[in-house]
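S.K.: Would you mind keeping the following structure in view while I ask a few things?
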Amino acid sequence: MHVTGCGRSGTILLVEMLRSSFWHEGPAYHETSILEIPPRGLSVHITKHPGEAAFLWPLLEADPDLYGIYVYRDPRSVICSVHAKAKDCYAVNFSSWKKQQELAECARRHPKLLLVCYEKLVTEPDAVQNDILQKFPFLELTGSFSTYHERARPSTGAIQALNGFRALDEARLQPWRDHLPRVKEQLNRHPEMADELITWSYEVDRSWTGLLADVEVCSHEVWAERGLHLLKRFDQWQRRKRRLHKRLALLGSTGSSR
């Protein structure tokens with residue numbers, strides 16, 4: 001089973017909840033790409049890596065043993081999130097969130113993919129766990145999502161990405177309200193964000209933008225763009241496409257990744 005989503009959307013939280021609440025085998029690396037060939041002989045192996053929505057449909061179609069979960073989160077919170085590795089800048093822009101959401105929307109009708117809302121995961125963890133069990137009945141329950149923190153053993157990398165390991169905290173659901181200049185700057189650059197919030201049921205209208213009326217706009221550095229030039233991005237994407245084709249070719253010859 002593979003978990004993905006836009007960066008800073010809660011993929012680490014979900015995978016820690018999955019690993020501490022369902023029986024599974026294999027190494028629990030902090031991040032493993034869906035393009036990696038999984039270890040053989042494992043019945044349930046749980047991995048995660050953000051930004052891989054583009055690969056969901058082709059690999060879910062080609063690999064009968066692969067199942068996926070896509071985590072999505074209020075884009076205002078996503079664009080206001082920081083990573084412990086770069087606390088002096090924001091992690092991602094709205095454009096990254098939108099791209100991953102569009103790709104996930106294309107793949108959501110696949111019977112082996114489940115979309116999970118981060119906010120529901122935090123406020124109704126056991127209900128989300130039940131949704132996962134209903135979708136993937138082969139999973140074996142070992143504990144509840146609501147008490148996952150009592151059993152989880154996150155890696156150093158996971159703790160760092162989570163900005164500290166802790167129990168679920170509903171008070172942290174709308175961190176964007178403390179970063180209004182950032183929200184206004186991104187809304188000015190991407191006015192379609194207001195419509196996306198309505199589409200994904202985060203708002204019923206645009207009245208929330210009244211919070212930004214007297215906020216001064218300022219630019220912000222973004223970690224995902226720091227030192228990453230257009231040519232390098234293109235090269236990274238080409239290499240990932242080659243890995244996808246290699247994995248699909250292997251699946252075509254063997255019929256399974258197990």
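As shown in the structure tokens, the chain order sets the letters A, B, ...; within each chain, residues go from 1, and ligands are also counted from 1 in the order they appear.
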Can you tell me, as a list in words, what residues are no more than 12 Å from range 207-212 of chain A when counting only C-alpha atoms, ignoring any on the same chain fewer than 6 positions away?

M.R.: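 Everything that qualifies: Arg76, Trp176, Arg177, Asp178, His179, Leu180, Pro181, Arg182, Val183, Lys184, Glu185, Gln186, Leu187, Asn188, Pro191, Met193, Ala194, Asp195, Leu197 and Ile198 of chain A.
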
S.K.: I need the chosen residues saved as a PDB file, in the first residue's frame, with C-alpha atoms.

M.R.:
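So the final result, stored in selection-v3.pdb, reads:
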```pdb
ATOM      1  CA  ARG A  76      -4.135  27.482   2.724  1.00  0.00           C
ATOM      2  CA  TRP A 176      -2.967  29.564   7.838  1.00  0.00           C
ATOM      3  CA  ARG A 177      -4.801  32.099   9.995  1.00  0.00           C
ATOM      4  CA  ASP A 178      -1.424  32.996  11.505  1.00  0.00           C
ATOM      5  CA  HIS A 179       0.098  33.511   8.039  1.00  0.00           C
ATOM      6  CA  LEU A 180      -2.343  35.841   6.294  1.00  0.00           C
ATOM      7  CA  PRO A 181       0.326  37.750   4.301  1.00  0.00           C
ATOM      8  CA  ARG A 182       1.390  34.441   2.755  1.00  0.00           C
ATOM      9  CA  VAL A 183      -2.220  33.467   1.988  1.00  0.00           C
ATOM     10  CA  LYS A 184      -2.937  36.840   0.369  1.00  0.00           C
ATOM     11  CA  GLU A 185       0.231  36.682  -1.730  1.00  0.00           C
ATOM     12  CA  GLN A 186      -0.682  33.222  -3.032  1.00  0.00           C
ATOM     13  CA  LEU A 187      -4.307  34.178  -3.633  1.00  0.00           C
ATOM     14  CA  ASN A 188      -3.183  37.171  -5.670  1.00  0.00           C
ATOM     15  CA  PRO A 191      -7.044  33.614  -7.730  1.00  0.00           C
ATOM     16  CA  MET A 193      -7.581  29.082  -5.078  1.00  0.00           C
ATOM     17  CA  ALA A 194     -10.860  30.582  -3.856  1.00  0.00           C
ATOM     18  CA  ASP A 195     -12.817  28.344  -6.235  1.00  0.00           C
ATOM     19  CA  LEU A 197     -11.635  25.837  -1.629  1.00  0.00           C
ATOM     20  CA  ILE A 198     -15.325  25.682  -2.514  1.00  0.00           C
TER      21      ILE A 198
END
```

S.K.: Apply DSSP to the backbone of this structure and, from range 24-214 of chain A, keep only the residues in strand (DSSP E or B); write these as an NGL selection string.

M.R.: :A and (47-48 or 68-72 or 83 or 86 or 90 or 113-117 or 141)

S.K.: Please produce an output containing C-alpha atoms for each residue in the selection, written as an mmCIF file, in the first residue's frame.

M.R.:
```
data_model
loop_
_atom_site.group_PDB
_atom_site.id
_atom_site.type_symbol
_atom_site.label_atom_id
_atom_site.label_comp_id
_atom_site.auth_asym_id
_atom_site.auth_seq_id
_atom_site.Cartn_x
_atom_site.Cartn_y
_atom_site.Cartn_z
ATOM 1 C CA THR A 47 5.175 3.016 1.940
ATOM 2 C CA LYS A 48 4.796 6.756 1.343
ATOM 3 C CA GLY A 68 -3.119 3.581 -2.879
ATOM 4 C CA ILE A 69 -4.253 6.350 -0.534
ATOM 5 C CA TYR A 70 -4.105 10.018 -1.506
ATOM 6 C CA VAL A 71 -4.171 12.569 1.341
ATOM 7 C CA TYR A 72 -5.431 16.083 0.674
ATOM 8 C CA HIS A 83 9.674 21.915 7.207
ATOM 9 C CA ALA A 86 14.144 24.903 6.236
ATOM 10 C CA TYR A 90 7.560 28.014 3.291
ATOM 11 C CA LEU A 113 -7.475 4.189 -4.577
ATOM 12 C CA LEU A 114 -8.945 6.004 -1.569
ATOM 13 C CA LEU A 115 -8.858 9.772 -1.010
ATOM 14 C CA VAL A 116 -8.495 10.839 2.623
ATOM 15 C CA CYS A 117 -9.135 14.352 3.945
ATOM 16 C CA LEU A 141 -6.508 -4.140 12.654
#
```

S.K.: When you count only C-alpha atoms, which of these residues is closest to Ser20 in chain A: A:Arg153, A:His49, A:Arg242, A:His220?

M.R.: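 Smallest separation from Ser20 in chain A among the options: A:Arg153.
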
S.K.: Apply DSSP to the structure's backbone, then extract all residues of range 8-240 of chain A labelled alpha helix (DSSP H) and return them as an MDAnalysis selection string.

M.R.: chainID A and resid 11:21 56:62 75:79 94:107 118:123 125:135 156:161 180:189 193:199 230:240

S.K.: For C-alpha atoms, I'd like the residues from the last selection saved as a PDB file, in the first residue's frame.

M.R.:
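Full text of selection17.pdb as output:
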```
ATOM      1  CA  THR A  11       1.189  11.852   4.299  1.00  0.00           C
ATOM      2  CA  ILE A  12       3.656  11.234   7.137  1.00  0.00           C
ATOM      3  CA  LEU A  13       0.925  11.397   9.762  1.00  0.00           C
ATOM      4  CA  LEU A  14      -1.246   8.908   7.891  1.00  0.00           C
ATOM      5  CA  VAL A  15       1.538   6.433   7.241  1.00  0.00           C
ATOM      6  CA  GLU A  16       2.536   6.484  10.922  1.00  0.00           C
ATOM      7  CA  MET A  17      -1.104   5.815  11.833  1.00  0.00           C
ATOM      8  CA  LEU A  18      -1.301   2.977   9.305  1.00  0.00           C
ATOM      9  CA  ARG A  19       1.905   1.339  10.466  1.00  0.00           C
ATOM     10  CA  SER A  20       0.957   1.540  14.138  1.00  0.00           C
ATOM     11  CA  SER A  21      -2.658   0.402  13.661  1.00  0.00           C
ATOM     12  CA  LEU A  56      -1.105   6.344  -9.303  1.00  0.00           C
ATOM     13  CA  TRP A  57      -3.360   5.342 -12.188  1.00  0.00           C
ATOM     14  CA  PRO A  58      -0.806   3.568 -14.421  1.00  0.00           C
ATOM     15  CA  LEU A  59       0.731   1.610 -11.547  1.00  0.00           C
ATOM     16  CA  LEU A  60      -2.586   0.742  -9.877  1.00  0.00           C
ATOM     17  CA  GLU A  61      -3.720  -0.584 -13.252  1.00  0.00           C
ATOM     18  CA  ALA A  62      -0.535  -2.548 -13.912  1.00  0.00           C
ATOM     19  CA  PRO A  75      -4.384  24.443   0.466  1.00  0.00           C
ATOM     20  CA  ARG A  76      -4.135  27.482   2.724  1.00  0.00           C
ATOM     21  CA  SER A  77      -2.590  25.291   5.422  1.00  0.00           C
ATOM     22  CA  VAL A  78      -0.361  23.540   2.884  1.00  0.00           C
ATOM     23  CA  ILE A  79       1.126  26.757   1.526  1.00  0.00           C
ATOM     24  CA  PHE A  94      -0.394  26.620  -4.322  1.00  0.00           C
ATOM     25  CA  SER A  95       0.577  25.555  -7.847  1.00  0.00           C
ATOM     26  CA  SER A  96       2.046  22.321  -6.457  1.00  0.00           C
ATOM     27  CA  TRP A  97      -1.125  21.608  -4.475  1.00  0.00           C
ATOM     28  CA  LYS A  98      -3.323  22.250  -7.525  1.00  0.00           C
ATOM     29  CA  LYS A  99      -1.261  20.009  -9.798  1.00  0.00           C
ATOM     30  CA  GLN A 100      -1.389  17.082  -7.360  1.00  0.00           C
ATOM     31  CA  GLN A 101      -5.128  17.579  -6.746  1.00  0.00           C
ATOM     32  CA  GLU A 102      -5.882  17.530 -10.468  1.00  0.00           C
ATOM     33  CA  LEU A 103      -3.903  14.321 -10.910  1.00  0.00           C
ATOM     34  CA  ALA A 104      -5.580  12.720  -7.897  1.00  0.00           C
ATOM     35  CA  GLU A 105      -9.004  13.748  -9.197  1.00  0.00           C
ATOM     36  CA  CYS A 106      -8.246  11.914 -12.448  1.00  0.00           C
ATOM     37  CA  ALA A 107      -7.268   8.788 -10.527  1.00  0.00           C
ATOM     38  CA  TYR A 118      -6.442  15.455   6.394  1.00  0.00           C
ATOM     39  CA  GLU A 119      -8.888  17.492   8.466  1.00  0.00           C
ATOM     40  CA  LYS A 120     -11.194  14.489   8.902  1.00  0.00           C
ATOM     41  CA  LEU A 121      -8.183  12.327   9.756  1.00  0.00           C
ATOM     42  CA  VAL A 122      -7.379  14.664  12.657  1.00  0.00           C
ATOM     43  CA  THR A 123     -10.946  15.276  13.892  1.00  0.00           C
ATOM     44  CA  PRO A 125      -9.473   9.428  13.099  1.00  0.00           C
ATOM     45  CA  ASP A 126     -11.412   6.263  13.864  1.00  0.00           C
ATOM     46  CA  ALA A 127     -14.031   7.086  11.220  1.00  0.00           C
ATOM     47  CA  VAL A 128     -11.247   7.439   8.639  1.00  0.00           C
ATOM     48  CA  GLN A 129      -9.762   4.163   9.843  1.00  0.00           C
ATOM     49  CA  ASN A 130     -13.129   2.509   9.258  1.00  0.00           C
ATOM     50  CA  ASP A 131     -13.255   4.024   5.753  1.00  0.00           C
ATOM     51  CA  ILE A 132      -9.861   2.461   5.059  1.00  0.00           C
ATOM     52  CA  LEU A 133     -11.002  -0.927   6.367  1.00  0.00           C
ATOM     53  CA  GLN A 134     -14.122  -0.784   4.216  1.00  0.00           C
ATOM     54  CA  LYS A 135     -12.019   0.033   1.148  1.00  0.00           C
ATOM     55  CA  THR A 156      14.122  10.617  13.012  1.00  0.00           C
ATOM     56  CA  GLY A 157      13.251  11.801   9.511  1.00  0.00           C
ATOM     57  CA  ALA A 158       9.534  11.447  10.187  1.00  0.00           C
ATOM     58  CA  ILE A 159       9.767  13.345  13.479  1.00  0.00           C
ATOM     59  CA  GLN A 160      11.648  16.122  11.729  1.00  0.00           C
ATOM     60  CA  ALA A 161       9.106  16.363   8.910  1.00  0.00           C
ATOM     61  CA  LEU A 180      -2.343  35.841   6.294  1.00  0.00           C
ATOM     62  CA  PRO A 181       0.326  37.750   4.301  1.00  0.00           C
ATOM     63  CA  ARG A 182       1.390  34.441   2.755  1.00  0.00           C
ATOM     64  CA  VAL A 183      -2.220  33.467   1.988  1.00  0.00           C
ATOM     65  CA  LYS A 184      -2.937  36.840   0.369  1.00  0.00           C
ATOM     66  CA  GLU A 185       0.231  36.682  -1.730  1.00  0.00           C
ATOM     67  CA  GLN A 186      -0.682  33.222  -3.032  1.00  0.00           C
ATOM     68  CA  LEU A 187      -4.307  34.178  -3.633  1.00  0.00           C
ATOM     69  CA  ASN A 188      -3.183  37.171  -5.670  1.00  0.00           C
ATOM     70  CA  ARG A 189      -0.933  34.938  -7.754  1.00  0.00           C
ATOM     71  CA  MET A 193      -7.581  29.082  -5.078  1.00  0.00           C
ATOM     72  CA  ALA A 194     -10.860  30.582  -3.856  1.00  0.00           C
ATOM     73  CA  ASP A 195     -12.817  28.344  -6.235  1.00  0.00           C
ATOM     74  CA  GLU A 196     -10.791  25.279  -5.290  1.00  0.00           C
ATOM     75  CA  LEU A 197     -11.635  25.837  -1.629  1.00  0.00           C
ATOM     76  CA  ILE A 198     -15.325  25.682  -2.514  1.00  0.00           C
ATOM     77  CA  THR A 199     -14.859  22.662  -4.814  1.00  0.00           C
ATOM     78  CA  LEU A 230      13.822  24.847 -14.649  1.00  0.00           C
ATOM     79  CA  LEU A 231      16.329  22.645 -16.488  1.00  0.00           C
ATOM     80  CA  LYS A 232      17.009  20.620 -13.340  1.00  0.00           C
ATOM     81  CA  ARG A 233      13.285  20.147 -12.744  1.00  0.00           C
ATOM     82  CA  PHE A 234      12.842  18.905 -16.305  1.00  0.00           C
ATOM     83  CA  ASP A 235      15.721  16.455 -15.859  1.00  0.00           C
ATOM     84  CA  GLN A 236      14.218  15.141 -12.612  1.00  0.00           C
ATOM     85  CA  TRP A 237      10.858  14.592 -14.284  1.00  0.00           C
ATOM     86  CA  GLN A 238      12.462  12.763 -17.231  1.00  0.00           C
ATOM     87  CA  ARG A 239      14.330  10.446 -14.878  1.00  0.00           C
ATOM     88  CA  ARG A 240      11.118   9.661 -12.978  1.00  0.00           C
TER      89      ARG A 240
END
```

S.K.: So which one's closest to Glu36 in chain A, A:Thr254, A:Thr4, A:Leu244, A:Leu139? Using only C-alpha atoms, please.

M.R.: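 The shortest atom-to-atom distance to Glu36 in chain A comes from A:Leu244.
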
S.K.: Please measure the separation of CA of Val204 in chain A and CA of Cys218 in chain A, giving the value in Å to one decimal.

M.R.: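 Separation of CA of Val204 in chain A and CA of Cys218 in chain A: 27.1 Å.
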
S.K.: Pick out the closest residue to Pro64 in chain A from this set: A:Val217, A:Glu124, A:His45, A:Lys112. Count only C-alpha atoms.

M.R.: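 Among A:Val217, A:Glu124, A:His45, A:Lys112, it is A:Lys112 that comes nearest to Pro64 in chain A.
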
S.K.: Considering only C-alpha atoms, can you say which of A:Val222, A:Leu35, A:Ala28, A:Ala54 comes closest to Ser81 in chain A?

M.R.: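 Looking at the shortest contact to Ser81 in chain A, the residue is A:Val222.
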
S.K.: Work out how far apart CA of Gly255 in chain A and CA of Asp65 in chain A are and give it in Å to one decimal.

M.R.: 9.6 Å

S.K.: May I have the residues within 9 Å of Asp88 in chain A as a PyMOL selection string, using only C-alpha atoms and disregarding those fewer than 3 positions away in the same chain?

M.R.: chain A and resi 82-83+85+221+223

S.K.: Those same residues, written as a CSV table (one decimal), in the first residue's frame with C-alpha atoms?

M.R.:
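That gives us result_9.csv:
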```
chain,number,residue,atom,x,y,z
A,82,VAL,CA,7.3,24.9,6.9
A,83,HIS,CA,9.7,21.9,7.2
A,85,LYS,CA,15.0,21.4,7.5
A,221,GLU,CA,10.9,32.3,-0.3
A,223,TRP,CA,11.9,25.7,-0.1
```

S.K.: Just the number, please: distance in Å from CA of Asp169 in chain A to CA of Arg206 in chain A, one decimal.

M.R.: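 So the answer is 26.8 Å.
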